[in-house]
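> For reference, the file structure-v1.cif (mmCIF, C-alpha atoms (C1' of nucleotides)) is included below:
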data_final
loop_
_atom_site.label_atom_id
_atom_site.label_comp_id
_atom_site.auth_asym_id
_atom_site.auth_seq_id
_atom_site.Cartn_x
_atom_site.Cartn_y
_atom_site.Cartn_z
CA MET A 9 36.89 146.21 29.34
CA THR A 10 34.69 143.23 28.58
CA ALA A 11 33.05 141.19 31.31
CA ALA A 12 35.17 138.15 30.52
CA LYS A 13 38.37 140.18 30.79
CA LYS A 14 37.31 141.66 34.10
CA LYS A 15 36.55 138.23 35.44
CA GLU A 16 39.89 136.89 34.28
CA ARG A 17 41.66 139.86 35.81
CA ASN A 18 40.05 139.16 39.19
CA ARG A 19 40.98 135.50 38.98
CA GLN A 20 44.53 136.55 38.35
CA ARG A 21 44.46 138.91 41.28
CA LEU A 22 43.39 136.06 43.52
CA VAL A 23 46.25 133.87 42.32
CA ASP A 24 48.79 136.66 42.71
CA ALA A 25 47.47 137.52 46.15
CA THR A 26 47.73 133.87 47.15
CA LEU A 27 51.39 133.74 46.16
CA GLN A 28 52.06 136.92 48.05
CA ALA A 29 50.22 135.69 51.13
CA LEU A 30 52.22 132.46 51.07
CA ALA A 31 55.46 134.39 51.00
CA GLN A 32 54.35 136.94 53.56
CA TYR A 33 52.51 134.81 56.13
CA GLY A 34 53.46 131.22 55.30
CA TYR A 35 51.13 128.41 54.25
CA ALA A 36 49.68 128.06 57.74
CA ASP A 37 48.51 131.66 57.92
CA ALA A 38 47.69 132.31 54.29
CA SER A 39 43.98 132.36 55.03
CA ILE A 40 41.24 133.35 52.63
CA SER A 41 40.68 136.48 54.71
CA LYS A 42 44.29 137.54 54.17
CA ILE A 43 44.23 136.62 50.49
CA ILE A 44 41.12 138.62 49.64
CA GLU A 45 42.44 141.54 51.64
CA ILE A 46 45.61 141.56 49.54
CA ALA A 47 43.61 141.11 46.35
CA ASP A 48 41.13 143.76 47.51
CA LEU A 49 38.22 141.55 46.51
CA SER A 50 35.24 140.17 48.32
CA ARG A 51 34.95 136.88 50.09
CA GLY A 52 32.70 135.20 47.53
CA MET A 53 35.17 135.59 44.69
CA VAL A 54 37.18 132.58 45.73
CA HIS A 55 34.14 130.37 45.31
CA LEU A 56 33.25 131.95 41.97
CA HIS A 57 36.65 131.23 40.44
CA PHE A 58 37.74 128.11 42.31
CA GLU A 59 36.03 125.08 43.72
CA ASN A 60 37.67 125.63 47.10
CA LYS A 61 40.77 127.02 48.76
CA ASN A 62 42.89 124.05 47.77
CA ALA A 63 42.08 124.63 44.10
CA LEU A 64 43.20 128.23 44.53
CA LEU A 65 46.47 127.06 46.07
CA ALA A 66 46.91 124.59 43.23
CA ALA A 67 46.38 127.36 40.68
CA ALA A 68 49.00 129.41 42.50
CA ALA A 69 51.42 126.47 42.43
CA LYS A 70 50.74 126.02 38.73
CA GLN A 71 51.47 129.64 38.01
CA ALA A 72 54.65 129.66 40.10
CA SER A 73 55.86 126.59 38.23
CA GLU A 74 55.01 128.02 34.83
CA GLU A 75 56.54 131.39 35.59
CA TYR A 76 59.82 129.71 36.34
CA TYR A 77 59.90 128.13 32.90
CA ALA A 78 58.59 131.12 31.03
CA GLY A 79 61.42 133.19 32.48
CA PHE A 80 63.81 130.36 31.85
CA GLU A 81 63.13 130.13 28.14
CA ASP A 82 63.24 133.86 27.78
CA TRP A 83 66.55 134.08 29.63
CA LEU A 84 68.17 131.37 27.52
CA LYS A 85 66.75 132.27 24.13
CA ASP A 86 69.95 133.91 22.82
CA THR A 87 72.36 131.55 24.54
CA PRO A 88 74.71 129.54 22.28
CA ALA A 89 74.13 125.80 22.20
CA ASP A 90 77.43 124.75 23.72
CA PRO A 91 77.17 123.23 27.21
CA GLN A 92 79.48 125.68 28.94
CA ALA A 93 77.46 128.68 27.82
CA ARG A 94 74.14 127.05 28.61
CA LEU A 95 75.19 125.92 32.08
CA ASP A 96 76.52 129.35 32.77
CA ALA A 97 73.23 130.90 31.70
CA ILE A 98 71.11 128.46 33.71
CA VAL A 99 73.10 129.03 36.88
CA ASP A 100 72.89 132.77 36.33
CA TYR A 101 69.15 132.49 35.87
CA ASP A 102 68.70 130.49 39.05
CA LEU A 103 70.66 133.14 40.93
CA SER A 104 69.07 136.11 39.18
CA PRO A 105 66.47 138.27 40.93
CA ASN A 106 63.88 136.77 38.58
CA VAL A 107 64.17 133.51 40.49
CA LEU A 108 66.15 134.25 43.61
CA ASN A 109 63.99 136.78 45.36
CA GLU A 110 62.37 136.46 48.75
CA LYS A 111 58.83 136.19 47.46
CA ASN A 112 59.61 133.45 44.95
CA ILE A 113 61.80 131.37 47.19
CA CYS A 114 59.57 131.59 50.23
CA THR A 115 56.48 130.83 48.18
CA TRP A 116 58.16 127.82 46.66
CA TYR A 117 59.28 126.57 50.06
CA GLU A 118 55.74 126.81 51.41
CA LEU A 119 54.21 125.14 48.38
CA ARG A 120 56.65 122.28 48.55
CA GLY A 121 55.82 121.74 52.18
CA ALA A 122 52.14 121.78 51.32
CA ALA A 123 52.73 119.34 48.47
CA ARG A 124 53.57 116.72 51.03
CA THR A 125 49.97 116.55 52.25
CA SER A 126 48.16 117.87 49.17
CA PRO A 127 48.62 115.80 45.99
CA THR A 128 46.87 118.52 43.99
CA ILE A 129 49.65 120.94 44.85
CA GLY A 130 52.32 118.26 44.60
CA GLN A 131 51.38 117.74 40.99
CA PHE A 132 52.73 121.16 40.06
CA THR A 133 55.79 121.25 42.29
CA GLY A 134 56.61 117.79 41.00
CA THR A 135 56.39 118.64 37.32
CA ARG A 136 58.63 121.65 37.77
CA ASP A 137 61.24 119.45 39.39
CA ALA A 138 60.96 116.85 36.64
CA GLN A 139 61.30 119.44 33.88
CA LEU A 140 64.41 120.88 35.47
CA GLU A 141 65.92 117.40 35.60
CA ASN A 142 65.33 116.97 31.89
CA ILE A 143 66.95 120.26 31.03
CA TYR A 144 70.09 119.43 32.95
CA ALA A 145 70.16 115.85 31.67
CA GLU A 146 70.06 117.10 28.10
CA ILE A 147 73.02 119.43 28.59
CA PHE A 148 75.13 116.90 30.46
CA GLY A 149 74.27 114.35 27.77
CA VAL A 150 76.20 116.46 25.31
CA MET A 151 79.23 116.39 27.55
CA THR A 152 79.43 112.69 28.33
CA ALA A 153 78.01 109.35 27.24
CA ASP A 154 78.24 107.89 30.73
CA PRO A 155 74.67 107.66 32.07
CA ASP A 156 75.83 107.33 35.68
CA LEU A 157 77.82 110.52 35.39
CA ILE A 158 74.84 112.31 33.86
CA GLN A 159 72.65 111.15 36.71
CA ASP A 160 75.12 112.25 39.37
CA ALA A 161 75.57 115.61 37.70
CA VAL A 162 71.82 116.21 37.45
CA TYR A 163 71.19 115.08 40.99
CA GLY A 164 74.07 117.05 42.45
CA THR A 165 73.41 120.26 40.57
CA ILE A 166 69.75 120.33 41.45
CA SER A 167 70.35 119.43 45.09
CA LEU A 168 73.04 122.05 45.37
CA SER A 169 70.81 124.72 43.85
CA GLU A 170 68.03 123.68 46.17
CA GLY A 171 70.28 124.01 49.20
CA ILE A 172 71.50 127.39 48.03
CA TRP A 173 67.93 128.61 47.65
CA ILE A 174 67.22 127.55 51.21
CA ASP A 175 70.31 129.34 52.45
CA PHE A 176 69.07 132.43 50.67
CA MET A 177 65.65 132.07 52.26
CA LEU A 178 67.09 131.73 55.74
CA ASN A 179 69.47 134.62 55.39
CA PRO A 180 68.67 136.79 52.38
CA SER A 181 70.72 139.77 53.49
CA ASP A 182 73.93 137.76 53.88
CA PHE A 183 73.58 136.02 50.55
CA ASP A 184 76.73 136.01 48.42
CA HIS A 185 75.88 135.65 44.72
CA ALA A 186 79.45 135.24 43.60
CA ALA A 187 80.14 132.52 46.16
CA ALA A 188 77.01 130.64 45.15
CA LYS A 189 77.94 130.63 41.48
CA ARG A 190 81.55 129.76 42.24
CA VAL A 191 80.54 126.78 44.37
CA ILE A 192 78.16 125.39 41.78
CA PHE A 193 80.86 125.59 39.13
CA LYS A 194 83.41 124.03 41.42
CA PHE A 195 81.05 121.09 41.70
CA LEU A 196 80.50 120.93 37.95
CA CYS A 197 84.21 121.24 37.17
CA GLY A 198 84.92 118.34 39.50
CA LEU A 199 82.61 116.20 37.40
CA PHE A 200 83.53 117.66 34.02
CA PRO A 201 87.16 118.83 34.03
CA LYS A 202 86.75 120.33 30.60
CA LEU A 203 84.54 123.07 31.99
CA GLN A 204 85.96 126.47 32.85
CA GLY A 205 85.14 127.36 36.42
CA MET B 12 57.13 107.30 90.33
CA THR B 13 57.50 110.70 91.95
CA ALA B 14 55.27 113.59 91.07
CA ALA B 15 58.11 115.54 89.52
CA LYS B 16 59.06 112.61 87.31
CA LYS B 17 55.49 112.15 86.15
CA LYS B 18 55.24 115.80 85.30
CA GLU B 19 58.49 115.71 83.37
CA ARG B 20 57.35 112.61 81.51
CA ASN B 21 54.17 114.37 80.41
CA ARG B 22 56.12 117.39 79.28
CA GLN B 23 58.29 115.11 77.21
CA ARG B 24 55.24 113.43 75.72
CA LEU B 25 53.95 116.80 74.61
CA VAL B 26 57.23 117.66 72.92
CA ASP B 27 57.44 114.27 71.21
CA ALA B 28 53.83 114.48 70.12
CA THR B 29 54.48 117.93 68.69
CA LEU B 30 57.36 116.66 66.57
CA GLN B 31 55.25 113.78 65.36
CA ALA B 32 52.32 116.04 64.55
CA LEU B 33 54.61 118.35 62.57
CA ALA B 34 55.88 115.44 60.51
CA GLN B 35 52.47 113.87 60.09
CA TYR B 36 50.23 116.87 59.45
CA GLY B 37 52.61 119.74 58.71
CA TYR B 38 52.99 122.96 60.66
CA ALA B 39 49.68 124.35 59.43
CA ASP B 40 47.65 121.41 60.75
CA ALA B 41 49.67 120.52 63.82
CA SER B 42 46.97 121.87 66.13
CA ILE B 43 46.84 121.50 69.88
CA SER B 44 43.93 119.13 69.44
CA LYS B 45 46.03 116.83 67.27
CA ILE B 46 49.05 117.11 69.55
CA ILE B 47 47.21 116.18 72.75
CA GLU B 48 45.48 113.35 70.95
CA ILE B 49 48.86 111.91 69.94
CA ALA B 50 50.24 112.50 73.43
CA ASP B 51 47.04 111.08 74.96
CA LEU B 52 46.88 113.95 77.40
CA SER B 53 44.27 116.55 78.22
CA ARG B 54 43.92 119.99 76.75
CA GLY B 55 45.09 121.89 79.81
CA MET B 56 48.50 120.22 79.90
CA VAL B 57 49.90 122.49 77.24
CA HIS B 58 49.23 125.50 79.40
CA LEU B 59 50.66 123.81 82.50
CA HIS B 60 54.00 123.07 80.85
CA PHE B 61 54.30 125.88 78.32
CA GLU B 62 53.31 129.48 78.18
CA ASN B 63 51.54 128.98 74.89
CA LYS B 64 51.60 126.92 71.71
CA ASN B 65 54.57 128.77 70.30
CA ALA B 66 56.65 127.92 73.37
CA LEU B 67 55.75 124.27 72.84
CA LEU B 68 56.87 124.50 69.23
CA ALA B 69 60.09 126.18 70.33
CA ALA B 70 60.74 123.37 72.83
CA ALA B 71 60.20 120.88 70.03
CA ALA B 72 62.64 122.77 67.79
CA LYS B 73 65.16 122.84 70.62
CA GLN B 74 64.89 119.11 71.12
CA ALA B 75 65.14 118.36 67.40
CA SER B 76 68.27 120.47 67.20
CA GLU B 77 69.85 118.90 70.26
CA GLU B 78 69.02 115.36 69.17
CA TYR B 79 70.92 115.95 65.96
CA TYR B 80 74.09 116.84 67.87
CA ALA B 81 73.70 114.19 70.54
CA GLY B 82 73.54 111.56 67.80
CA PHE B 83 76.35 113.29 65.98
CA GLU B 84 78.81 113.14 68.85
CA ASP B 85 77.88 109.57 69.59
CA TRP B 86 78.33 108.56 65.95
CA LEU B 87 81.77 110.19 65.67
CA LYS B 88 83.20 109.30 69.06
CA ASP B 89 85.42 106.47 67.76
CA THR B 90 86.31 108.14 64.47
CA PRO B 91 90.01 108.86 63.83
CA ALA B 92 91.00 112.49 63.72
CA ASP B 93 92.12 112.60 60.09
CA PRO B 94 89.89 114.66 57.83
CA GLN B 95 89.08 111.90 55.36
CA ALA B 96 87.75 109.60 58.08
CA ARG B 97 85.81 112.37 59.78
CA LEU B 98 84.20 113.63 56.59
CA ASP B 99 83.28 110.09 55.69
CA ALA B 100 81.67 109.60 59.09
CA ILE B 101 79.79 112.90 58.99
CA VAL B 102 78.37 112.21 55.56
CA ASP B 103 77.40 108.71 56.66
CA TYR B 104 75.70 110.16 59.71
CA ASP B 105 73.74 112.69 57.68
CA LEU B 106 72.56 109.87 55.43
CA SER B 107 71.95 107.37 58.23
CA PRO B 108 68.42 106.52 59.39
CA ASN B 109 69.23 108.41 62.61
CA VAL B 110 69.06 111.64 60.63
CA LEU B 111 67.60 110.79 57.26
CA ASN B 112 64.18 109.44 58.14
CA GLU B 113 60.84 110.84 57.13
CA LYS B 114 59.86 112.07 60.56
CA ASN B 115 63.10 113.94 61.15
CA ILE B 116 63.39 115.50 57.74
CA CYS B 117 59.76 116.53 57.47
CA THR B 118 59.78 117.94 60.98
CA TRP B 119 62.89 119.93 60.24
CA TYR B 120 61.42 121.26 57.02
CA GLU B 121 58.30 122.44 58.83
CA LEU B 122 60.27 124.03 61.66
CA ARG B 123 62.50 125.88 59.26
CA GLY B 124 59.47 127.23 57.45
CA ALA B 125 58.00 128.33 60.76
CA ALA B 126 61.30 129.92 61.77
CA ARG B 127 60.76 132.47 59.06
CA THR B 128 57.84 134.05 60.93
CA SER B 129 58.65 132.93 64.49
CA PRO B 130 61.98 134.19 65.89
CA THR B 131 61.56 131.93 68.91
CA ILE B 132 61.68 128.88 66.67
CA GLY B 133 64.31 130.41 64.41
CA GLN B 134 66.65 130.66 67.35
CA PHE B 135 66.95 126.86 67.50
CA THR B 136 67.01 126.11 63.80
CA GLY B 137 69.61 128.83 63.46
CA THR B 138 71.96 127.54 66.13
CA ARG B 139 71.89 124.05 64.65
CA ASP B 140 72.91 125.48 61.31
CA ALA B 141 75.68 127.54 62.86
CA GLN B 142 77.09 124.58 64.79
CA LEU B 143 77.19 122.46 61.67
CA GLU B 144 79.12 125.21 59.90
CA ASN B 145 81.71 125.22 62.66
CA ILE B 146 82.18 121.48 62.52
CA TYR B 147 82.82 121.50 58.80
CA ALA B 148 85.01 124.59 59.00
CA GLU B 149 87.22 122.89 61.56
CA ILE B 150 87.75 119.82 59.40
CA PHE B 151 88.42 121.76 56.23
CA GLY B 152 90.77 123.98 58.19
CA VAL B 153 93.01 120.97 58.69
CA MET B 154 93.11 120.37 54.94
CA THR B 155 93.87 123.87 53.72
CA ALA B 156 95.00 127.26 54.95
CA ASP B 157 93.02 129.10 52.28
CA PRO B 158 90.06 130.74 54.04
CA ASP B 159 88.15 131.22 50.79
CA LEU B 160 88.43 127.55 50.01
CA ILE B 161 87.25 126.67 53.51
CA GLN B 162 84.26 128.93 53.13
CA ASP B 163 83.32 127.51 49.74
CA ALA B 164 83.69 123.98 51.04
CA VAL B 165 81.53 124.63 54.08
CA TYR B 166 78.89 126.46 52.10
CA GLY B 167 78.78 123.89 49.31
CA THR B 168 78.75 120.84 51.53
CA ILE B 169 75.96 122.14 53.73
CA SER B 170 73.89 123.36 50.79
CA LEU B 171 74.33 120.06 49.00
CA SER B 172 73.30 118.08 52.08
CA GLU B 173 70.34 120.36 52.51
CA GLY B 174 69.24 119.78 48.92
CA ILE B 175 69.68 116.05 49.30
CA TRP B 176 67.50 116.05 52.41
CA ILE B 177 64.80 117.84 50.47
CA ASP B 178 65.05 115.34 47.66
CA PHE B 179 64.61 112.60 50.23
CA MET B 180 61.60 114.34 51.70
CA LEU B 181 59.94 114.74 48.32
CA ASN B 182 60.61 111.20 47.24
CA PRO B 183 61.65 108.97 50.13
CA SER B 184 60.98 105.69 48.34
CA ASP B 185 63.21 106.53 45.38
CA PHE B 186 66.09 107.72 47.51
CA ASP B 187 69.50 106.34 46.52
CA HIS B 188 71.87 106.39 49.47
CA ALA B 189 74.91 105.38 47.46
CA ALA B 190 74.29 108.08 44.87
CA ALA B 191 73.89 110.72 47.55
CA LYS B 192 77.18 109.83 49.23
CA ARG B 193 78.95 109.56 45.89
CA VAL B 194 77.79 113.00 44.80
CA ILE B 195 78.83 114.66 48.03
CA PHE B 196 82.31 113.16 47.74
CA LYS B 197 82.58 114.11 44.10
CA PHE B 198 82.01 117.66 45.23
CA LEU B 199 84.56 117.40 48.03
CA CYS B 200 87.15 115.73 45.80
CA GLY B 201 86.76 118.55 43.31
CA LEU B 202 87.76 120.99 46.04
CA PHE B 203 90.34 118.79 47.77
CA PRO B 204 91.97 116.48 45.22
CA LYS B 205 93.83 114.66 47.99
CA LEU B 206 90.58 113.08 49.18
CA GLN B 207 89.63 109.56 48.14
CA GLY B 208 86.16 109.17 47.10
"C1'" DG C 1 16.16 151.75 27.41
"C1'" DT C 2 15.00 146.97 29.04
"C1'" DC C 3 15.93 142.93 31.11
"C1'" DA C 4 17.98 138.49 31.80
"C1'" DA C 5 22.52 136.53 32.60
"C1'" DA C 6 26.96 137.05 34.51
"C1'" DT C 7 29.70 138.77 38.00
"C1'" DA C 8 30.60 140.61 42.60
"C1'" DT C 9 29.48 141.61 47.43
"C1'" DG C 10 29.52 140.70 52.25
"C1'" DG C 11 27.32 138.37 55.88
"C1'" DA C 12 25.70 133.72 57.83
"C1'" DC C 13 27.18 129.28 59.21
"C1'" DA C 14 29.22 125.28 61.57
"C1'" DA C 15 33.69 123.75 62.62
"C1'" DT C 16 38.00 124.43 64.57
"C1'" DT C 17 41.54 127.25 66.54
"C1'" DG C 18 44.43 128.68 70.91
"C1'" DT C 19 43.66 130.26 75.48
"C1'" DC C 20 41.95 130.02 79.96
"C1'" DC C 21 39.70 128.28 84.10
"C1'" DA C 22 36.73 125.76 87.44
"C1'" DT C 23 36.91 121.31 88.98
"C1'" DA C 24 38.86 116.64 89.90
"C1'" DT C 25 42.58 113.73 90.98
"C1'" DT C 26 46.97 112.62 92.78
"C1'" DG C 27 51.24 112.87 95.68
"C1'" DG C 28 53.71 113.13 99.76
"C1'" DA C 29 54.75 115.75 104.14
"C1'" DG C 30 52.97 115.97 108.64
"C1'" DC D 21 45.16 108.80 107.86
"C1'" DT D 22 44.76 113.88 106.85
"C1'" DC D 23 45.07 117.53 104.10
"C1'" DC D 24 47.16 121.01 101.25
"C1'" DA D 25 49.75 121.82 97.23
"C1'" DA D 26 50.85 120.08 92.79
"C1'" DT D 27 49.22 118.05 88.81
"C1'" DA D 28 45.70 116.83 85.47
"C1'" DT D 29 41.14 117.05 83.29
"C1'" DG D 30 37.87 118.63 79.98
"C1'" DG D 31 34.67 122.13 78.92
"C1'" DA D 32 33.88 127.30 78.09
"C1'" DC D 33 35.25 131.15 75.40
"C1'" DA D 34 36.03 134.53 71.69
"C1'" DA D 35 38.30 134.59 67.44
"C1'" DT D 36 39.10 132.79 63.06
"C1'" DT D 37 38.71 129.31 59.63
"C1'" DG D 38 36.64 127.69 54.87
"C1'" DT D 39 32.25 127.23 52.74
"C1'" DC D 40 28.01 128.75 51.04
"C1'" DC D 41 24.24 131.81 49.72
"C1'" DA D 42 20.92 135.70 49.36
"C1'" DT D 43 21.38 139.99 47.53
"C1'" DA D 44 23.38 143.77 44.73
"C1'" DT D 45 25.68 145.39 40.77
"C1'" DT D 46 27.31 145.23 36.16
"C1'" DT D 47 27.30 143.69 31.43
"C1'" DG D 48 25.76 143.38 26.84
"C1'" DA D 49 22.12 141.51 23.55
"C1'" DC D 50 17.82 142.93 21.92
#
Translate this structure into structure tokens?


Amino acid sequence: MTAAKKKERNRQRLVDATLQALAQYGYADASISKIIEIADLSRGMVHLHFENKNALLAAAAKQASEEYYAGFEDWLKDTPADPQARLDAIVDYDLSPNVLNEKNICTWYELRGAARTSPTIGQFTGTRDAQLENIYAEIFGVMTADPDLIQDAVYGTISLSEGIWIDFMLNPSDFDHAAAKRVIFKFLCGLFPKLQG
Amino acid sequence: MTAAKKKERNRQRLVDATLQALAQYGYADASISKIIEIADLSRGMVHLHFENKNALLAAAAKQASEEYYAGFEDWLKDTPADPQARLDAIVDYDLSPNVLNEKNICTWYELRGAARTSPTIGQFTGTRDAQLENIYAEIFGVMTADPDLIQDAVYGTISLSEGIWIDFMLNPSDFDHAAAKRVIFKFLCGLFPKLQG
DNA sequence: GTCAAATATGGACAATTGTCCATATTGGAG
DNA sequence: CTCCAATATGGACAATTGTCCATATTTGAC
């Protein structure tokens, strides 16, 4: 393996270890000591690859955000263009183990909390949120010309998903996939009676 | 002022300062140094009133939880018993500045994150959640006999409120009260067509 | 094989953390 | 007023934090 590849691999290990530490210990206790222990690398590596700890956290936030969309596009690539099918697929994706697993959800919760005091991290949590809004807005735009309805649908669907993720985080073992999907579609059907629930 | 009263007042200042520090700096940076600076008390006071820092955080979580319900009962005390009026009042309460203000929402977010690794804190965030479920379940129980519908309504309403609170936290200046209330009632009307909304 | 550059190691460092305690101040019963 | 217990102060303490650097190892061009 070339030197550049080895270096890149270690950088990646640091980012992955950071995400795991966030999920496992929370933002407050995701220290560099814990991160390098998970990554099985030495202390100096953080400084070699990143300006400081906050830059490492930002890189982790960036990756978490990008992973969501990479999986998203892959999940939807064979989905028909009609709104019903696409909504169904998106909701399934958001409730699939790709997205809805303890590590992902907890990490995201911690990063969002950190975003409040760290603009560098907020940049990445914010863009993920904005992208998701656009995706929903596009689909709902096919179903209605009423901009207020589109806005309500986007806002409601995202908020509802957000709340469901938090419920999952607080009580992963009790989580009821079917109920979650059913509730989201009950909301959507209330707004768009044409949809099948 | 008696000695006991002065002591109790200082204990209260510690708890209040803790909640403020959580909102202002986040759980990770809400150190004892910051807390006593906000409370304008000396370092040893934490140990006099609480076994350790975690007990102080737990007391803060307890108070935050209880304040929610104290305000809740006060807000609803003159509300008619019919479901429509009560739901309207509850949603208004959850969107009122009593509940939906930056300090409250940020504090709650931080405490919930901390609850994940601290059972002592989780105890209080958990009971608040459970109480809220009961309140909603009781109201929906008046509107339908279908237990599945009740469960979906409770789950959806709480998740949606939760998501809306997070949206507020992430973007308090852009928050649209009217839209939030409208979306919640669109959800409820989808489930219970009899509702006006 | 040689050697300079790139990469990695792990300890040093000041700053800050939560805990604890010796001391000072205050309150109120006698 | 006296004096002891209750309350409050602020510094000491080891542990841990994030940062930085001297040293070691590895890489790959020559």

> Please write the residues picked by the PyMOL selection byres ((chain B) within 9 of (chain C)) on this file as a list in words.

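Selected by the PyMOL selection byres ((chain B) within 9 of (chain C)) here: Thr13, Ala14, Ser42, Ile43, Ser44, Gly55, His58, Asn63 and Lys64 of chain B.
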
> List the spatial neighbours of range 15-24 of chain B as JSON, numbers by chain - criterion: any atom at most 12 Å away, only C-alpha atoms (C1' of nucleotides), same-chain residues fewer than 4 positions off excluded.

{"B": [28, 29, 30, 31, 32, 46, 47, 48, 49, 50, 51, 52, 53, 55, 56, 57, 58, 59, 60, 61, 67, 70, 71, 74], "C": [26, 27, 28], "D": [26, 27, 28]}

> Let me know the residues the PyMOL selection byres ((chain A and resi 112-125) around 9) catches in the file above, as number ranges by chain.

A: 27-32, 34-36, 65-66, 68-69, 72-73, 106-111, 126-134, 173-174, 176-177; B: 35-37, 39, 117, 120-121, 124, 127, 180-181

> Quick one, how far is CA of Ser181 in chain A from CA of Ile166 in chain A?

22.9 Å

> I would like the residues chosen by the PyMOL selection byres ((chain D) within 9 of (chain A)) on the shown file; could you give them as a PyMOL selection string?

chain D and resi 37-40+46-48

> Taking C-alpha atoms (C1' of nucleotides) for each residue, export the selection above as a tab-separated table (two decimals), keeping the file's coordinate frame.


chain	number	residue	atom	x	y	z
D	37	DT	C1'	38.71	129.31	59.63
D	38	DG	C1'	36.64	127.69	54.87
D	39	DT	C1'	32.25	127.23	52.74
D	40	DC	C1'	28.01	128.75	51.04
D	46	DT	C1'	27.31	145.23	36.16
D	47	DT	C1'	27.30	143.69	31.43
D	48	DG	C1'	25.76	143.38	26.84

> If the cut-off is 7 Å, can you tell me the residues of chain B near chain A, counting all atoms listed in the file? I'd like them as a count of residues only.

14

> Would you mind reading off the distance between CA of Ser104 in chain A and CA of Arg136 in chain A, one decimal, in Å?

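Computing the Euclidean distance for CA of Ser104 in chain A and CA of Arg136 in chain A yields 17.9 Å.
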
> What separation in Å, quoted to one decimal, exists between CA of Leu106 in chain B and CA of Ala189 in chain B?

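Taking CA of Leu106 in chain B and CA of Ala189 in chain B, their separation equals 9.4 Å.
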